[in-house]
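Pasted below: entry_11.txt, compact mmCIF, N, CA and C atoms.
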```
# COMPACT_ATOMS: atom_id res chain seq x y z
N MET A 1 80.00 149.33 244.73
CA MET A 1 81.06 148.49 245.20
C MET A 1 82.38 149.17 244.85
N THR A 2 83.25 149.26 245.81
CA THR A 2 84.53 149.93 245.58
C THR A 2 85.47 149.00 244.80
N ASP A 3 86.53 149.59 244.27
CA ASP A 3 87.52 148.80 243.53
C ASP A 3 88.18 147.76 244.42
N HIS A 4 88.45 148.13 245.66
CA HIS A 4 89.08 147.19 246.60
C HIS A 4 88.16 146.00 246.89
N GLU A 5 86.88 146.28 247.12
CA GLU A 5 85.92 145.20 247.36
C GLU A 5 85.82 144.29 246.13
N TRP A 6 85.82 144.89 244.95
CA TRP A 6 85.72 144.10 243.73
C TRP A 6 86.93 143.19 243.55
N LEU A 7 88.12 143.68 243.90
CA LEU A 7 89.32 142.84 243.79
C LEU A 7 89.21 141.61 244.68
N LEU A 8 88.59 141.73 245.83
CA LEU A 8 88.42 140.60 246.73
C LEU A 8 87.34 139.62 246.26
N ILE A 9 86.25 140.14 245.73
CA ILE A 9 85.10 139.31 245.38
C ILE A 9 85.13 138.84 243.94
N GLY A 10 85.61 139.66 243.04
CA GLY A 10 85.55 139.37 241.60
C GLY A 10 86.18 138.06 241.19
N LEU A 11 87.27 137.69 241.85
CA LEU A 11 87.95 136.45 241.49
C LEU A 11 87.19 135.21 241.95
N LEU A 12 86.29 135.37 242.91
CA LEU A 12 85.53 134.23 243.43
C LEU A 12 84.35 133.85 242.54
N LEU A 13 83.92 134.77 241.67
CA LEU A 13 82.76 134.52 240.82
C LEU A 13 83.18 133.76 239.57
N ARG A 14 82.41 132.75 239.25
CA ARG A 14 82.73 131.96 238.06
C ARG A 14 82.42 132.76 236.81
N PRO A 15 83.13 132.50 235.73
CA PRO A 15 82.86 133.23 234.49
C PRO A 15 81.53 132.82 233.88
N GLU A 16 80.87 133.77 233.27
CA GLU A 16 79.60 133.52 232.59
C GLU A 16 79.86 133.34 231.10
N ARG A 17 79.15 132.44 230.50
CA ARG A 17 79.24 132.28 229.05
C ARG A 17 78.10 133.05 228.42
N GLY A 18 78.44 133.86 227.45
CA GLY A 18 77.41 134.57 226.71
C GLY A 18 76.87 133.67 225.61
N ARG A 19 75.66 133.92 225.21
CA ARG A 19 75.10 133.18 224.08
C ARG A 19 75.55 133.87 222.81
N TRP A 20 76.01 133.09 221.86
CA TRP A 20 76.50 133.67 220.62
C TRP A 20 75.35 134.37 219.93
N PRO A 21 75.47 135.52 219.39
CA PRO A 21 76.65 136.37 219.25
C PRO A 21 76.80 137.39 220.37
N ARG A 22 76.01 137.27 221.46
CA ARG A 22 76.10 138.24 222.54
C ARG A 22 77.11 137.79 223.57
N PRO A 23 78.07 138.64 223.91
CA PRO A 23 79.02 138.28 224.96
C PRO A 23 78.36 138.41 226.33
N ALA A 24 78.91 137.72 227.30
CA ALA A 24 78.42 137.85 228.67
C ALA A 24 78.72 139.26 229.16
N GLY A 25 77.84 139.80 229.95
CA GLY A 25 78.03 141.16 230.46
C GLY A 25 79.06 141.20 231.57
N ASP A 26 79.33 142.38 232.04
CA ASP A 26 80.30 142.62 233.09
C ASP A 26 79.78 142.07 234.42
N LYS A 27 80.57 141.22 235.08
CA LYS A 27 80.15 140.63 236.34
C LYS A 27 79.95 141.69 237.41
N ARG A 28 80.77 142.71 237.40
CA ARG A 28 80.66 143.76 238.42
C ARG A 28 79.35 144.53 238.26
N LEU A 29 78.97 144.81 237.03
CA LEU A 29 77.72 145.51 236.75
C LEU A 29 76.53 144.70 237.27
N PHE A 30 76.53 143.41 236.98
CA PHE A 30 75.44 142.54 237.45
C PHE A 30 75.41 142.46 238.97
N LEU A 31 76.58 142.34 239.58
CA LEU A 31 76.62 142.23 241.03
C LEU A 31 76.12 143.52 241.69
N ASN A 32 76.49 144.67 241.12
CA ASN A 32 75.98 145.94 241.65
C ASN A 32 74.46 146.00 241.55
N GLY A 33 73.90 145.52 240.45
CA GLY A 33 72.45 145.49 240.30
C GLY A 33 71.79 144.58 241.31
N MET A 34 72.36 143.41 241.51
CA MET A 34 71.82 142.47 242.49
C MET A 34 71.87 143.05 243.89
N LEU A 35 72.99 143.64 244.25
CA LEU A 35 73.13 144.21 245.59
C LEU A 35 72.17 145.36 245.81
N TYR A 36 71.93 146.16 244.78
CA TYR A 36 70.99 147.27 244.90
C TYR A 36 69.58 146.76 245.20
N VAL A 37 69.15 145.76 244.46
CA VAL A 37 67.79 145.21 244.67
C VAL A 37 67.68 144.57 246.04
N LEU A 38 68.70 143.83 246.45
CA LEU A 38 68.66 143.17 247.75
C LEU A 38 68.73 144.17 248.89
N ARG A 39 69.49 145.25 248.71
CA ARG A 39 69.64 146.26 249.76
C ARG A 39 68.38 147.10 249.92
N THR A 40 67.77 147.49 248.81
CA THR A 40 66.61 148.38 248.88
C THR A 40 65.29 147.63 248.97
N GLY A 41 65.25 146.40 248.51
CA GLY A 41 64.00 145.65 248.53
C GLY A 41 63.05 146.03 247.41
N CYS A 42 63.55 146.75 246.41
CA CYS A 42 62.69 147.17 245.30
C CYS A 42 62.46 145.99 244.35
N PRO A 43 61.42 146.04 243.55
CA PRO A 43 61.21 145.01 242.53
C PRO A 43 62.35 145.05 241.50
N TRP A 44 62.61 143.92 240.89
CA TRP A 44 63.68 143.83 239.89
C TRP A 44 63.47 144.84 238.77
N ARG A 45 62.23 145.04 238.36
CA ARG A 45 61.94 145.96 237.25
C ARG A 45 62.26 147.41 237.59
N ASP A 46 62.39 147.73 238.87
CA ASP A 46 62.63 149.11 239.28
C ASP A 46 64.10 149.42 239.52
N MET A 47 64.99 148.48 239.24
CA MET A 47 66.41 148.77 239.46
C MET A 47 66.91 149.76 238.43
N HIS A 48 68.00 150.44 238.74
CA HIS A 48 68.55 151.47 237.85
C HIS A 48 69.03 150.87 236.54
N GLU A 49 68.82 151.58 235.46
CA GLU A 49 69.28 151.13 234.15
C GLU A 49 70.80 151.10 234.07
N ARG A 50 71.48 151.90 234.89
CA ARG A 50 72.94 151.92 234.85
C ARG A 50 73.54 150.59 235.31
N ASP A 51 72.73 149.78 236.00
CA ASP A 51 73.20 148.47 236.47
C ASP A 51 72.86 147.35 235.50
N GLY A 52 72.42 147.68 234.32
CA GLY A 52 72.11 146.67 233.32
C GLY A 52 70.62 146.44 233.19
N LYS A 53 70.28 145.54 232.30
CA LYS A 53 68.88 145.20 232.08
C LYS A 53 68.38 144.38 233.27
N TRP A 54 67.22 144.73 233.78
CA TRP A 54 66.72 144.07 234.98
C TRP A 54 66.54 142.57 234.77
N ASN A 55 66.07 142.17 233.59
CA ASN A 55 65.81 140.76 233.36
C ASN A 55 67.11 139.95 233.32
N SER A 56 68.14 140.52 232.75
CA SER A 56 69.44 139.83 232.71
C SER A 56 70.01 139.66 234.11
N VAL A 57 69.89 140.70 234.91
CA VAL A 57 70.38 140.63 236.29
C VAL A 57 69.58 139.60 237.08
N TYR A 58 68.27 139.60 236.89
CA TYR A 58 67.40 138.65 237.58
C TYR A 58 67.74 137.20 237.21
N VAL A 59 67.92 136.95 235.92
CA VAL A 59 68.23 135.58 235.46
C VAL A 59 69.57 135.13 236.02
N ARG A 60 70.57 136.02 235.99
CA ARG A 60 71.88 135.64 236.51
C ARG A 60 71.82 135.43 238.02
N PHE A 61 71.03 136.24 238.72
CA PHE A 61 70.87 136.05 240.17
C PHE A 61 70.36 134.65 240.49
N TRP A 62 69.31 134.22 239.79
CA TRP A 62 68.76 132.90 240.05
C TRP A 62 69.69 131.79 239.58
N ARG A 63 70.44 132.02 238.53
CA ARG A 63 71.41 131.03 238.07
C ARG A 63 72.51 130.85 239.12
N TRP A 64 72.99 131.96 239.68
CA TRP A 64 74.02 131.88 240.72
C TRP A 64 73.45 131.27 242.01
N ALA A 65 72.18 131.54 242.29
CA ALA A 65 71.57 131.02 243.52
C ALA A 65 71.42 129.50 243.48
N GLU A 66 71.26 128.95 242.29
CA GLU A 66 71.14 127.50 242.16
C GLU A 66 72.45 126.85 242.49
```
Before anything else, please render the file you have as structure tokens.
Amino acid sequence: MTDHEWLLIGLLLRPERGRWPRPAGDKRLFLNGMLYVLRTGCPWRDMHERDGKWNSVYVRFWRWAE
């Protein structure tokens, strides 16, 4: 996702609360992970590590989908 695209979309996403003592991760990182899985159709476990932990991205995806 480019910086320009993030400026348009980033403000629309609600803030995530992290569980103490862990802070919530970067919304852009999670969104990139979600978009990668949706674009390629790969299983969540096969997403790139650079996009965060697959389970965290998966949980946030379903939380946002609700």
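Computed from the coordinates, the CA of Leu29 in chain A to atom C of Asp51 in chain A distance equals 5.3 Å.
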Review point. For Asp3 in chain A, which of A:Ala65, A:Arg28, A:Glu49, A:Arg60 is the closest residue, counting only C-alpha atoms?
Key: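 The shortest atom-to-atom distance to Asp3 in chain A comes from A:Arg28.
One distance worth recording is that between CA of Leu38 in chain A and atom N of Ser56 in chain A, which is 15.2 Å.
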Study note, to complete from the structure: Between CA of Trp54 in chain A and CA of Phe30 in chain A lies a distance of 9.2 Å
Review point. Within 8 Å of Trp44 in chain A, counting all atoms listed in the file, which residues qualify if same-chain residues fewer than 6 places away don't, as a list of chain:residue names?
Key: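 So, after excluding close chain neighbours, the residues are A:Val37, A:Lys53, A:Trp54, A:Asn55, A:Val57, A:Tyr58.
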Exercise for review: Write out as number ranges by chain all residues of chain A that DSSP puts in helix (DSSP H, G or I) for this structure's backbone.
Suggested key: A: 3-12, 27-40, 44-46, 49-51, 54-65
